[in-house]
$ cat input23.tsv   # TSV, C-alpha atoms and all ligand atoms
chain	number	residue	atom	x	y	z
A	1	MET	CA	-48.70	30.37	-54.21
A	2	LYS	CA	-52.23	28.99	-53.84
A	3	ARG	CA	-53.19	26.79	-56.80
A	4	LYS	CA	-56.24	28.09	-58.63
A	5	PRO	CA	-58.37	25.12	-59.68
A	6	LYS	CA	-59.39	25.27	-63.31
A	7	LEU	CA	-62.93	24.45	-64.41
A	8	GLY	CA	-64.21	24.75	-60.83
A	9	GLN	CA	-62.33	21.58	-59.91
A	10	ASN	CA	-62.72	21.27	-56.15
A	11	PHE	CA	-63.09	17.55	-55.53
A	12	LEU	CA	-65.29	16.23	-52.73
A	13	VAL	CA	-63.26	14.26	-50.17
A	14	ASP	CA	-65.83	14.00	-47.35
A	15	ASP	CA	-67.09	10.42	-47.44
A	16	SER	CA	-70.34	10.94	-45.54
A	17	ALA	CA	-71.19	13.99	-47.68
A	18	ARG	CA	-70.87	12.10	-50.95
A	19	HIS	CA	-73.19	9.38	-49.60
A	20	ALA	CA	-75.67	11.99	-48.30
A	21	ILE	CA	-75.80	13.64	-51.74
A	22	VAL	CA	-76.71	10.38	-53.47
A	23	ASP	CA	-79.10	9.35	-50.66
A	24	ALA	CA	-81.01	12.61	-51.24
A	25	LEU	CA	-82.34	11.18	-54.53
A	26	GLY	CA	-83.83	8.13	-52.78
A	27	ASP	CA	-84.42	4.85	-54.63
A	28	LEU	CA	-82.71	5.07	-58.01
A	29	SER	CA	-83.07	1.45	-59.11
A	30	LYS	CA	-85.44	2.38	-61.94
A	31	ARG	CA	-84.09	5.86	-62.69
A	32	THR	CA	-81.88	7.41	-65.32
A	33	VAL	CA	-79.50	9.85	-63.63
A	34	ILE	CA	-77.45	12.56	-65.34
A	35	GLU	CA	-74.36	13.60	-63.38
A	36	ILE	CA	-72.83	17.01	-64.10
A	37	GLY	CA	-69.06	17.18	-63.67
A	38	PRO	CA	-68.16	13.74	-62.22
A	39	GLY	CA	-64.48	14.70	-61.76
A	40	HIS	CA	-62.61	11.78	-60.20
A	41	GLY	CA	-65.91	10.00	-59.49
A	42	ALA	CA	-66.61	10.82	-55.81
A	43	ILE	CA	-70.36	10.68	-56.45
A	44	THR	CA	-70.20	8.54	-59.61
A	45	ASP	CA	-68.74	5.56	-57.71
A	46	ILE	CA	-71.80	5.39	-55.44
A	47	LEU	CA	-74.35	6.17	-58.15
A	48	ALA	CA	-73.02	3.49	-60.50
A	49	GLY	CA	-74.17	0.72	-58.17
A	50	ARG	CA	-77.55	2.28	-57.45
A	51	CYS	CA	-79.18	3.63	-60.58
A	52	HIS	CA	-80.69	1.96	-63.61
A	53	LYS	CA	-78.69	4.14	-65.97
A	54	LEU	CA	-76.04	6.79	-65.32
A	55	ILE	CA	-74.90	9.38	-67.86
A	56	ALA	CA	-71.99	11.50	-66.59
A	57	LEU	CA	-71.00	14.69	-68.44
A	58	GLU	CA	-67.38	15.79	-67.93
A	59	LEU	CA	-65.60	18.56	-69.83
A	60	ASP	CA	-62.06	17.72	-68.74
A	61	ARG	CA	-60.58	15.25	-71.25
A	62	ALA	CA	-58.23	13.54	-68.77
A	63	LEU	CA	-60.98	13.09	-66.16
A	64	ALA	CA	-63.45	11.78	-68.76
A	65	ALA	CA	-60.81	9.26	-69.93
A	66	GLU	CA	-60.05	8.20	-66.35
A	67	LEU	CA	-63.74	7.49	-65.67
A	68	THR	CA	-64.35	5.82	-69.04
A	69	PHE	CA	-61.57	3.38	-68.14
A	70	ARG	CA	-62.79	2.85	-64.58
A	71	PHE	CA	-66.37	2.07	-65.68
A	72	ARG	CA	-65.46	0.09	-68.81
A	73	ASP	CA	-67.18	-3.02	-67.42
A	74	HIS	CA	-70.34	-1.18	-66.30
A	75	PRO	CA	-72.71	-1.06	-69.32
A	76	GLN	CA	-75.21	1.03	-67.35
A	77	VAL	CA	-72.63	3.84	-66.97
A	78	GLN	CA	-71.96	6.18	-69.87
A	79	ILE	CA	-69.25	8.84	-69.59
A	80	LEU	CA	-69.58	11.67	-72.11
A	81	GLU	CA	-66.72	14.11	-72.62
A	82	CYS	CA	-68.69	17.30	-73.25
A	83	ASP	CA	-69.63	20.75	-72.01
A	84	VAL	CA	-72.88	20.42	-70.05
A	85	LEU	CA	-74.05	23.80	-71.33
A	86	GLU	CA	-73.64	22.62	-74.93
A	87	THR	CA	-75.48	19.36	-74.30
A	88	ASP	CA	-79.12	18.76	-75.17
A	89	LEU	CA	-80.31	16.99	-72.01
A	90	ARG	CA	-83.58	16.04	-73.67
A	91	ALA	CA	-81.70	13.92	-76.20
A	92	LEU	CA	-80.14	11.88	-73.36
A	93	VAL	CA	-83.46	10.75	-71.89
A	94	PRO	CA	-85.61	8.08	-73.58
A	95	ALA	CA	-88.88	9.50	-74.96
A	96	GLY	CA	-91.69	9.40	-72.43
A	97	GLU	CA	-89.31	9.06	-69.45
A	98	THR	CA	-87.85	11.54	-66.99
A	99	ALA	CA	-84.34	11.67	-65.55
A	100	ASP	CA	-82.86	13.00	-62.31
A	101	VAL	CA	-79.79	15.23	-62.17
A	102	ILE	CA	-77.00	15.19	-59.63
A	103	GLY	CA	-73.84	17.21	-59.38
A	104	ASN	CA	-71.24	18.94	-57.33
A	105	LEU	CA	-71.40	21.79	-59.81
A	106	PRO	CA	-68.55	23.74	-61.37
A	107	TYR	CA	-69.42	26.94	-59.48
A	108	TYR	CA	-68.35	29.35	-62.23
A	109	ILE	CA	-71.38	28.33	-64.36
A	110	THR	CA	-73.98	27.57	-61.65
A	111	SER	CA	-76.60	30.08	-62.87
A	112	ASP	CA	-76.31	28.96	-66.49
A	113	ILE	CA	-76.69	25.31	-65.44
A	114	LEU	CA	-79.76	26.15	-63.34
A	115	LEU	CA	-81.39	27.94	-66.28
A	116	GLN	CA	-80.61	24.96	-68.51
A	117	LEU	CA	-82.18	22.57	-65.96
A	118	PHE	CA	-85.30	24.75	-65.59
A	119	ALA	CA	-85.75	24.72	-69.37
A	120	ALA	CA	-85.47	20.91	-69.38
A	121	GLY	CA	-87.82	20.66	-66.37
A	122	LYS	CA	-90.39	22.77	-68.21
A	123	VAL	CA	-90.61	20.31	-71.11
A	124	GLY	CA	-90.87	17.32	-68.76
A	125	THR	CA	-87.36	15.91	-69.28
A	126	LEU	CA	-86.29	16.17	-65.63
A	127	ALA	CA	-88.03	15.20	-62.40
A	128	ARG	CA	-85.55	16.09	-59.65
A	129	ALA	CA	-82.05	17.43	-59.08
A	130	VAL	CA	-79.64	17.32	-56.15
A	131	LEU	CA	-77.01	20.00	-56.65
A	132	MET	CA	-74.10	21.36	-54.65
A	133	MET	CA	-73.29	25.01	-55.19
A	134	GLN	CA	-71.71	27.96	-53.43
A	135	ARG	CA	-73.65	28.65	-50.21
A	136	GLU	CA	-74.51	32.24	-51.15
A	137	VAL	CA	-76.03	31.12	-54.46
A	138	ALA	CA	-78.01	28.33	-52.76
A	139	GLU	CA	-79.38	30.88	-50.28
A	140	ARG	CA	-80.55	33.05	-53.16
A	141	VAL	CA	-82.17	30.11	-54.96
A	142	SER	CA	-84.09	29.01	-51.86
A	143	ALA	CA	-84.92	32.40	-50.23
A	144	ALA	CA	-88.57	33.31	-49.63
A	145	PRO	CA	-89.99	36.72	-50.68
A	146	GLY	CA	-89.16	39.44	-48.16
A	147	VAL	CA	-85.96	37.72	-47.05
A	148	ARG	CA	-82.69	39.58	-47.79
A	149	ASP	CA	-81.45	37.06	-50.38
A	150	TYR	CA	-84.69	36.94	-52.40
A	151	GLY	CA	-84.30	38.22	-55.95
A	152	LEU	CA	-84.57	37.33	-59.62
A	153	LEU	CA	-82.75	34.00	-59.20
A	154	SER	CA	-85.11	32.99	-56.35
A	155	ALA	CA	-88.23	33.98	-58.31
A	156	THR	CA	-87.02	32.19	-61.44
A	157	ALA	CA	-86.09	29.05	-59.50
A	158	GLN	CA	-89.35	28.98	-57.59
A	159	MET	CA	-91.43	29.40	-60.76
A	160	ASN	CA	-89.78	26.21	-61.97
A	161	ALA	CA	-89.17	24.01	-58.94
A	162	GLN	CA	-89.85	23.31	-55.29
A	163	VAL	CA	-86.55	23.91	-53.54
A	164	ASP	CA	-85.27	22.17	-50.38
A	165	ASN	CA	-82.08	23.36	-48.70
A	166	LEU	CA	-80.44	20.12	-47.46
A	167	PHE	CA	-77.03	20.77	-45.86
A	168	THR	CA	-73.91	22.92	-45.97
A	169	LEU	CA	-70.27	21.83	-46.09
A	170	PRO	CA	-67.10	23.70	-45.09
A	171	PRO	CA	-64.20	24.24	-47.52
A	172	SER	CA	-62.32	21.36	-45.80
A	173	ALA	CA	-64.75	18.86	-47.40
A	174	PHE	CA	-62.98	19.46	-50.74
A	175	SER	CA	-59.53	19.17	-52.25
A	176	PRO	CA	-58.27	21.73	-53.00
A	177	PRO	CA	-60.52	23.64	-50.54
A	178	PRO	CA	-62.55	26.42	-52.23
A	179	ASP	CA	-62.74	29.91	-50.71
A	180	VAL	CA	-66.45	29.47	-49.94
A	181	TYR	CA	-68.86	27.20	-48.07
A	182	SER	CA	-71.01	24.90	-50.20
A	183	THR	CA	-74.69	23.97	-49.89
A	184	VAL	CA	-76.65	21.06	-51.31
A	185	LEU	CA	-80.14	21.79	-52.64
A	186	ARG	CA	-82.81	19.40	-53.86
A	187	LEU	CA	-85.14	20.61	-56.60
A	188	HIS	CA	-88.43	19.00	-57.64
A	189	PHE	CA	-89.18	20.40	-61.07
A	190	ALA	CA	-92.76	21.64	-60.97
A	191	PRO	CA	-93.28	24.63	-63.27
A	192	ARG	CA	-96.00	27.01	-62.00
A	193	PHE	CA	-96.67	28.99	-65.20
A	194	ALA	CA	-99.97	27.27	-66.09
A	195	GLU	CA	-101.20	27.31	-62.47
A	196	LEU	CA	-100.53	31.06	-62.21
A	197	GLY	CA	-102.01	31.78	-65.66
A	198	VAL	CA	-98.89	33.30	-67.22
A	199	ASP	CA	-96.94	32.51	-70.39
A	200	PRO	CA	-93.35	31.48	-69.50
A	201	ASP	CA	-91.46	33.70	-71.96
A	202	GLY	CA	-93.42	36.86	-71.24
A	203	PHE	CA	-93.41	36.31	-67.48
A	204	ASN	CA	-89.65	35.66	-67.39
A	205	ILE	CA	-89.06	38.97	-69.16
A	206	PHE	CA	-91.51	40.70	-66.79
A	207	LEU	CA	-89.56	39.30	-63.80
A	208	ARG	CA	-86.26	40.54	-65.27
A	209	HIS	CA	-87.71	44.06	-65.58
A	210	SER	CA	-89.33	43.91	-62.13
A	211	PHE	CA	-86.02	43.06	-60.43
A	212	ALA	CA	-83.85	45.22	-62.72
A	213	GLN	CA	-82.66	47.62	-60.02
A	214	LYS	CA	-82.72	46.43	-56.45
A	215	ARG	CA	-83.01	49.89	-54.91
A	216	LYS	CA	-86.00	50.89	-57.04
A	217	THR	CA	-89.64	50.14	-56.25
A	218	LEU	CA	-91.44	47.68	-58.49
A	219	GLN	CA	-93.44	50.59	-59.98
A	220	ASN	CA	-90.27	52.46	-60.87
A	221	ASN	CA	-88.64	49.40	-62.41
A	222	LEU	CA	-91.76	48.85	-64.53
A	223	ARG	CA	-91.85	52.55	-65.46
A	224	ALA	CA	-88.24	52.23	-66.61
A	225	ALA	CA	-89.33	49.24	-68.72
A	226	GLY	CA	-91.82	51.44	-70.56
A	227	HIS	CA	-95.12	51.27	-68.67
A	228	SER	CA	-96.98	54.51	-68.11
A	229	ALA	CA	-98.08	55.58	-64.62
A	230	GLU	CA	-101.72	55.38	-65.79
A	231	GLN	CA	-101.32	51.86	-67.10
A	232	LEU	CA	-99.72	50.75	-63.84
A	233	SER	CA	-102.28	52.35	-61.57
A	234	ALA	CA	-105.16	50.85	-63.59
A	235	ALA	CA	-103.64	47.38	-63.37
A	236	TRP	CA	-102.17	47.51	-59.84
A	237	PRO	CA	-103.61	44.71	-57.65
A	238	ARG	CA	-104.62	45.32	-54.03
A	239	SER	CA	-102.26	42.58	-52.88
A	240	ILE	CA	-99.20	44.72	-53.75
A	241	PRO	CA	-98.38	47.86	-51.71
A	242	VAL	CA	-97.78	50.81	-54.05
A	243	GLN	CA	-94.24	51.42	-52.78
A	244	ALA	CA	-93.26	47.73	-52.66
A	245	ARG	CA	-90.07	46.37	-54.15
A	246	ALA	CA	-90.25	43.19	-56.23
A	247	GLU	CA	-88.06	41.50	-53.58
A	248	SER	CA	-90.96	41.50	-51.09
A	249	ILE	CA	-93.74	40.18	-53.31
A	250	ALA	CA	-95.06	36.62	-53.60
A	251	LEU	CA	-95.09	35.02	-57.03
A	252	GLU	CA	-98.89	34.78	-56.94
A	253	SER	CA	-99.14	38.59	-56.70
A	254	MET	CA	-96.47	39.12	-59.35
A	255	ALA	CA	-98.47	36.87	-61.66
A	256	GLU	CA	-101.67	38.78	-60.83
A	257	LEU	CA	-99.98	42.05	-61.80
A	258	TYR	CA	-98.58	40.53	-64.99
A	259	ARG	CA	-102.01	39.21	-65.98
A	260	SER	CA	-103.76	42.49	-65.31
A	261	LEU	CA	-101.17	44.42	-67.31
A	262	SER	CA	-101.92	41.77	-69.97
A	263	ILE	CA	-98.86	42.57	-71.96
A	264	PRO	CA	-98.19	40.63	-75.12
A	265	PRO	CA	-94.63	39.30	-74.66
A	266	MET	CA	-93.38	40.95	-77.86
A	267	SER	CA	-93.97	44.47	-76.54
A	268	TYR	CA	-91.18	43.93	-74.01
A	269	GLU	CA	-88.17	43.42	-76.25
B	1	LIG	C1	-66.64	20.86	-58.26
B	1	LIG	S1	-65.95	19.66	-59.37
B	1	LIG	C2	-66.82	18.22	-58.85
B	1	LIG	C3	-66.12	16.93	-59.16
B	1	LIG	C4	-66.72	15.66	-58.51
B	1	LIG	N1	-68.11	15.49	-58.89
B	1	LIG	C5	-66.59	15.73	-57.02
B	1	LIG	O1	-67.62	15.94	-56.35
B	1	LIG	O2	-65.49	15.54	-56.51
B	1	LIG	C6	-66.74	20.14	-60.90
B	1	LIG	C7	-66.47	19.22	-62.09
B	1	LIG	O3	-67.14	19.77	-63.23
B	1	LIG	C8	-66.29	19.67	-64.37
B	1	LIG	N2	-66.70	20.74	-65.31
B	1	LIG	C9	-66.33	22.04	-65.33
B	1	LIG	N3	-66.96	22.69	-66.30
B	1	LIG	C10	-67.76	21.80	-66.94
B	1	LIG	C11	-68.65	21.86	-68.04
B	1	LIG	N4	-68.86	23.02	-68.68
B	1	LIG	N5	-69.29	20.74	-68.43
B	1	LIG	C12	-69.10	19.55	-67.78
B	1	LIG	N6	-68.25	19.43	-66.72
B	1	LIG	C13	-67.60	20.53	-66.30
B	1	LIG	C14	-64.89	19.86	-63.80
B	1	LIG	O4	-63.90	19.35	-64.67
B	1	LIG	C15	-65.01	19.08	-62.48
B	1	LIG	O5	-64.71	17.72	-62.68
$ encode --input "input23.tsv" --output "structure tokens" --more "lines below"
Ligand SMILES: C[S@@+](CC[C@H](N)C(=O)[O-])C[C@H]1O[C@@H](n2cnc3c(N)ncnc32)[C@H](O)[C@@H]1O
Amino acid sequence: MKRKPKLGQNFLVDDSARHAIVDALGDLSKRTVIEIGPGHGAITDILAGRCHKLIALELDRALAAELTFRFRDHPQVQILECDVLETDLRALVPAGETADVIGNLPYYITSDILLQLFAAGKVGTLARAVLMMQREVAERVSAAPGVRDYGLLSATAQMNAQVDNLFTLPPSAFSPPPDVYSTVLRLHFAPRFAELGVDPDGFNIFLRHSFAQKRKTLQNNLRAAGHSAEQLSAAWPRSIPVQARAESIALESMAELYRSLSIPPMSYE
């Protein structure tokens, strides 16, 4: 019977890949780096010698203990046994500084981790992240409008970060091998809410409604969210075809529509 790894534990065994992941963050000699899910330390071992400070967050008690022992003589390395999703990243970073994030993510919570990182990027805690995730998810995060994979996750990611798709690895790069290919993305956190003149909370809700049903047009999704036909036609910008789906529309135009509907965020809940 095939062993089912718990906690998304597929450990990286490809030596050049683990170096390429760390190299993607460039010079780390003055940086604080937060590693998500260090596991047996495939990435941690390289990072420890390169960054100013490393804080690694590992949920598995045995793995956290293994790494705490291994790095006992490295004062710049801190291993925390914790659930990343329950951890306040802001509290880990000295006031006035930013940190970078790295991780071969536990795939079962990729979206939740991304949302957590975007929230931390928005308040200026994080500068960059290099993250490995399931290839299909990475393609959604990095897709451009009009491309098949573009959707709510792409729009949300691209409101919060510039995304570079770096490289893809086969299942054989891991032990045990997962059922999927894996892709490494680099994110530069650069929230666009102020530039596009939208409030983050209201615009995020607007995006959720706009992408609610993939087969529906944007107009129909917004009608289902409570907008009248009159309201929509009065606000509709020229840059958006009337029958368009949200999946084909650039964020600039989505923001233009949101602004011209000028909806107070509260009216959406
Ligand atoms: C895909 S493995 C990567 C391990 C190692 N970084 C590597 O590349 O070989 C994901 C790691 O995340 C840990 N993990 C799973 N859920 C977690 C959570 N909620 N918080 C922190 N770590 C978690 C797992 O125990 C595992 O070590």
$ axis_aligned_box --input "input23.tsv" --around "stretch 106-117 of chain A" --padding-each-side "5 Å" --output "lines of an AutoDock Vina configuration file"
center_x = -75.3
center_y = 26.3
center_z = -64.0
size_x = 23.8
size_y = 17.5
size_z = 19.0
$ closest_residue --input "input23.tsv" --among "A:Pro178, A:Leu152, A:Pro145, A:Leu25" --to "ligand LIG 1 (chain B)" --atoms "only C-alpha atoms and all ligand atoms"
A:Pro178
$ closest_residue --input "input23.tsv" --among "A:Glu139, A:Leu153, A:Leu261, A:Leu131" --to "A:Ala20" --atoms "all atoms listed in the file"
A:Leu131
$ closest_residue --input "input23.tsv" --among "A:Leu257, A:Ile79, A:Cys51, A:Leu222" --to "ligand LIG 1 (chain B)" --atoms "only C-alpha atoms and all ligand atoms"
A:Ile79
$ residues_near_ligand --input "input23.tsv" --ligand "ligand LIG 1 (chain B)" --cutoff "8 Å" --atoms "all atoms listed in the file" --output "PDB file with C-alpha atoms, keeping the file's coordinate frame"
ATOM      1  CA  LYS A   6     -59.390  25.270 -63.310  1.00  0.00           C
ATOM      2  CA  LEU A   7     -62.930  24.450 -64.410  1.00  0.00           C
ATOM      3  CA  GLY A   8     -64.210  24.750 -60.830  1.00  0.00           C
ATOM      4  CA  GLN A   9     -62.330  21.580 -59.910  1.00  0.00           C
ATOM      5  CA  ASN A  10     -62.720  21.270 -56.150  1.00  0.00           C
ATOM      6  CA  PHE A  11     -63.090  17.550 -55.530  1.00  0.00           C
ATOM      7  CA  LEU A  12     -65.290  16.230 -52.730  1.00  0.00           C
ATOM      8  CA  VAL A  13     -63.260  14.260 -50.170  1.00  0.00           C
ATOM      9  CA  ARG A  18     -70.870  12.100 -50.950  1.00  0.00           C
ATOM     10  CA  GLU A  35     -74.360  13.600 -63.380  1.00  0.00           C
ATOM     11  CA  ILE A  36     -72.830  17.010 -64.100  1.00  0.00           C
ATOM     12  CA  GLY A  37     -69.060  17.180 -63.670  1.00  0.00           C
ATOM     13  CA  PRO A  38     -68.160  13.740 -62.220  1.00  0.00           C
ATOM     14  CA  GLY A  39     -64.480  14.700 -61.760  1.00  0.00           C
ATOM     15  CA  HIS A  40     -62.610  11.780 -60.200  1.00  0.00           C
ATOM     16  CA  GLY A  41     -65.910  10.000 -59.490  1.00  0.00           C
ATOM     17  CA  ALA A  42     -66.610  10.820 -55.810  1.00  0.00           C
ATOM     18  CA  ILE A  43     -70.360  10.680 -56.450  1.00  0.00           C
ATOM     19  CA  THR A  44     -70.200   8.540 -59.610  1.00  0.00           C
ATOM     20  CA  LEU A  57     -71.000  14.690 -68.440  1.00  0.00           C
ATOM     21  CA  GLU A  58     -67.380  15.790 -67.930  1.00  0.00           C
ATOM     22  CA  LEU A  59     -65.600  18.560 -69.830  1.00  0.00           C
ATOM     23  CA  ASP A  60     -62.060  17.720 -68.740  1.00  0.00           C
ATOM     24  CA  LEU A  63     -60.980  13.090 -66.160  1.00  0.00           C
ATOM     25  CA  GLU A  81     -66.720  14.110 -72.620  1.00  0.00           C
ATOM     26  CA  CYS A  82     -68.690  17.300 -73.250  1.00  0.00           C
ATOM     27  CA  ASP A  83     -69.630  20.750 -72.010  1.00  0.00           C
ATOM     28  CA  VAL A  84     -72.880  20.420 -70.050  1.00  0.00           C
ATOM     29  CA  LEU A  85     -74.050  23.800 -71.330  1.00  0.00           C
ATOM     30  CA  GLU A  86     -73.640  22.620 -74.930  1.00  0.00           C
ATOM     31  CA  GLY A 103     -73.840  17.210 -59.380  1.00  0.00           C
ATOM     32  CA  ASN A 104     -71.240  18.940 -57.330  1.00  0.00           C
ATOM     33  CA  LEU A 105     -71.400  21.790 -59.810  1.00  0.00           C
ATOM     34  CA  PRO A 106     -68.550  23.740 -61.370  1.00  0.00           C
ATOM     35  CA  TYR A 107     -69.420  26.940 -59.480  1.00  0.00           C
ATOM     36  CA  TYR A 108     -68.350  29.350 -62.230  1.00  0.00           C
ATOM     37  CA  ILE A 109     -71.380  28.330 -64.360  1.00  0.00           C
ATOM     38  CA  PHE A 174     -62.980  19.460 -50.740  1.00  0.00           C
TER      39      PHE A 174
END
$ atom_distance --input "input23.tsv" --atom1 "atom CA of A:Ala234" --atom2 "atom CA of A:Pro191"
28.8 Å
$ atom_distance --input "input23.tsv" --atom1 "atom CA of A:Asp14" --atom2 "atom CA of A:Ser172"
8.3 Å
$ closest_residue --input "input23.tsv" --among "A:His19, A:Arg186, A:His227, A:Lys122" --to "A:Val101" --atoms "only C-alpha atoms"
A:Arg186
$ closest_residue --input "input23.tsv" --among "A:Ile205, A:Ala190, A:Ile249, A:Val77" --to "A:Leu218" --atoms "only C-alpha atoms"
A:Ile249
$ residues_around --input "input23.tsv" --residues "stretch 156-163 of chain A" --least-positions-apart "2" --cutoff "9 Å" --atoms "all atoms listed in the file" --output "PyMOL selection string"
chain A and resi 114-115+118-119+121-122+128+141-142+151-154+165+185-193+204+207+251
$ closest_residue --input "input23.tsv" --among "A:Ala56, A:Ala17, A:Ala225, A:Leu196" --to "A:Gln213" --atoms "all atoms listed in the file"
A:Ala225
$ atom_distance --input "input23.tsv" --atom1 "atom CA of A:Ala155" --atom2 "atom CA of A:Leu92"
27.9 Å
$ residues_around --input "input23.tsv" --residues "A:Ala255" --least-positions-apart "3" --cutoff "8 Å" --atoms "all atoms listed in the file" --output "JSON list (two decimals) with C-alpha atoms, keeping the file's coordinate frame"
[["chain", "number", "residue", "atom", "x", "y", "z"],
["A", 196, "LEU", "CA", -100.53, 31.06, -62.21],
["A", 197, "GLY", "CA", -102.01, 31.78, -65.66],
["A", 198, "VAL", "CA", -98.89, 33.30, -67.22],
["A", 203, "PHE", "CA", -93.41, 36.31, -67.48],
["A", 251, "LEU", "CA", -95.09, 35.02, -57.03],
["A", 252, "GLU", "CA", -98.89, 34.78, -56.94],
["A", 258, "TYR", "CA", -98.58, 40.53, -64.99],
["A", 259, "ARG", "CA", -102.01, 39.21, -65.98]]
$ residues_near_point --input "input23.tsv" --point "(-83.3, 12.0, -69.2)" --cutoff "7 Å" --atoms "all atoms listed in the file" --output "number ranges by chain"
A: 32, 89-90, 92-94, 97-100, 125-126
$ residues_around --input "input23.tsv" --residues "A:Ser233" --least-positions-apart "4" --cutoff "12 Å" --atoms "all atoms listed in the file" --output "PyMOL selection string"
chain A and resi 219+222-223+227-229+237-238+240-243+257+260-261
$ build_atoms --input "input23.tsv" --residues "stretch 166-177 of chain A" --atoms "N, CA and C atoms" --output "mmCIF file, in the frame of the given file"
data_model
loop_
_atom_site.group_PDB
_atom_site.id
_atom_site.type_symbol
_atom_site.label_atom_id
_atom_site.label_comp_id
_atom_site.auth_asym_id
_atom_site.auth_seq_id
_atom_site.Cartn_x
_atom_site.Cartn_y
_atom_site.Cartn_z
ATOM 1 N N LEU A 166 -80.725 21.354 -48.212
ATOM 2 C CA LEU A 166 -80.440 20.120 -47.460
ATOM 3 C C LEU A 166 -79.336 20.264 -46.427
ATOM 4 N N PHE A 167 -78.115 20.604 -46.839
ATOM 5 C CA PHE A 167 -77.030 20.770 -45.860
ATOM 6 C C PHE A 167 -75.891 21.569 -46.465
ATOM 7 N N THR A 168 -75.025 22.055 -45.557
ATOM 8 C CA THR A 168 -73.910 22.920 -45.970
ATOM 9 C C THR A 168 -72.597 22.287 -45.529
ATOM 10 N N LEU A 169 -71.586 22.412 -46.380
ATOM 11 C CA LEU A 169 -70.270 21.830 -46.090
ATOM 12 C C LEU A 169 -69.208 22.920 -46.034
ATOM 13 N N PRO A 170 -68.202 22.729 -45.169
ATOM 14 C CA PRO A 170 -67.100 23.700 -45.090
ATOM 15 C C PRO A 170 -66.099 23.448 -46.220
ATOM 16 N N PRO A 171 -65.211 24.419 -46.474
ATOM 17 C CA PRO A 171 -64.200 24.240 -47.520
ATOM 18 C C PRO A 171 -63.369 22.971 -47.325
ATOM 19 N N SER A 172 -63.176 22.533 -46.070
ATOM 20 C CA SER A 172 -62.320 21.360 -45.800
ATOM 21 C C SER A 172 -62.903 20.057 -46.351
ATOM 22 N N ALA A 173 -64.159 20.078 -46.820
ATOM 23 C CA ALA A 173 -64.750 18.860 -47.400
ATOM 24 C C ALA A 173 -64.235 18.603 -48.812
ATOM 25 N N PHE A 174 -63.421 19.546 -49.344
ATOM 26 C CA PHE A 174 -62.980 19.460 -50.740
ATOM 27 C C PHE A 174 -61.464 19.543 -50.847
ATOM 28 N N SER A 175 -60.948 19.018 -51.949
ATOM 29 C CA SER A 175 -59.530 19.170 -52.250
ATOM 30 C C SER A 175 -59.380 19.619 -53.706
ATOM 31 N N PRO A 176 -58.705 20.736 -53.980
ATOM 32 C CA PRO A 176 -58.270 21.730 -53.000
ATOM 33 C C PRO A 176 -59.494 22.429 -52.378
ATOM 34 N N PRO A 177 -59.360 22.962 -51.148
ATOM 35 C CA PRO A 177 -60.520 23.640 -50.540
ATOM 36 C C PRO A 177 -60.864 24.925 -51.287
#
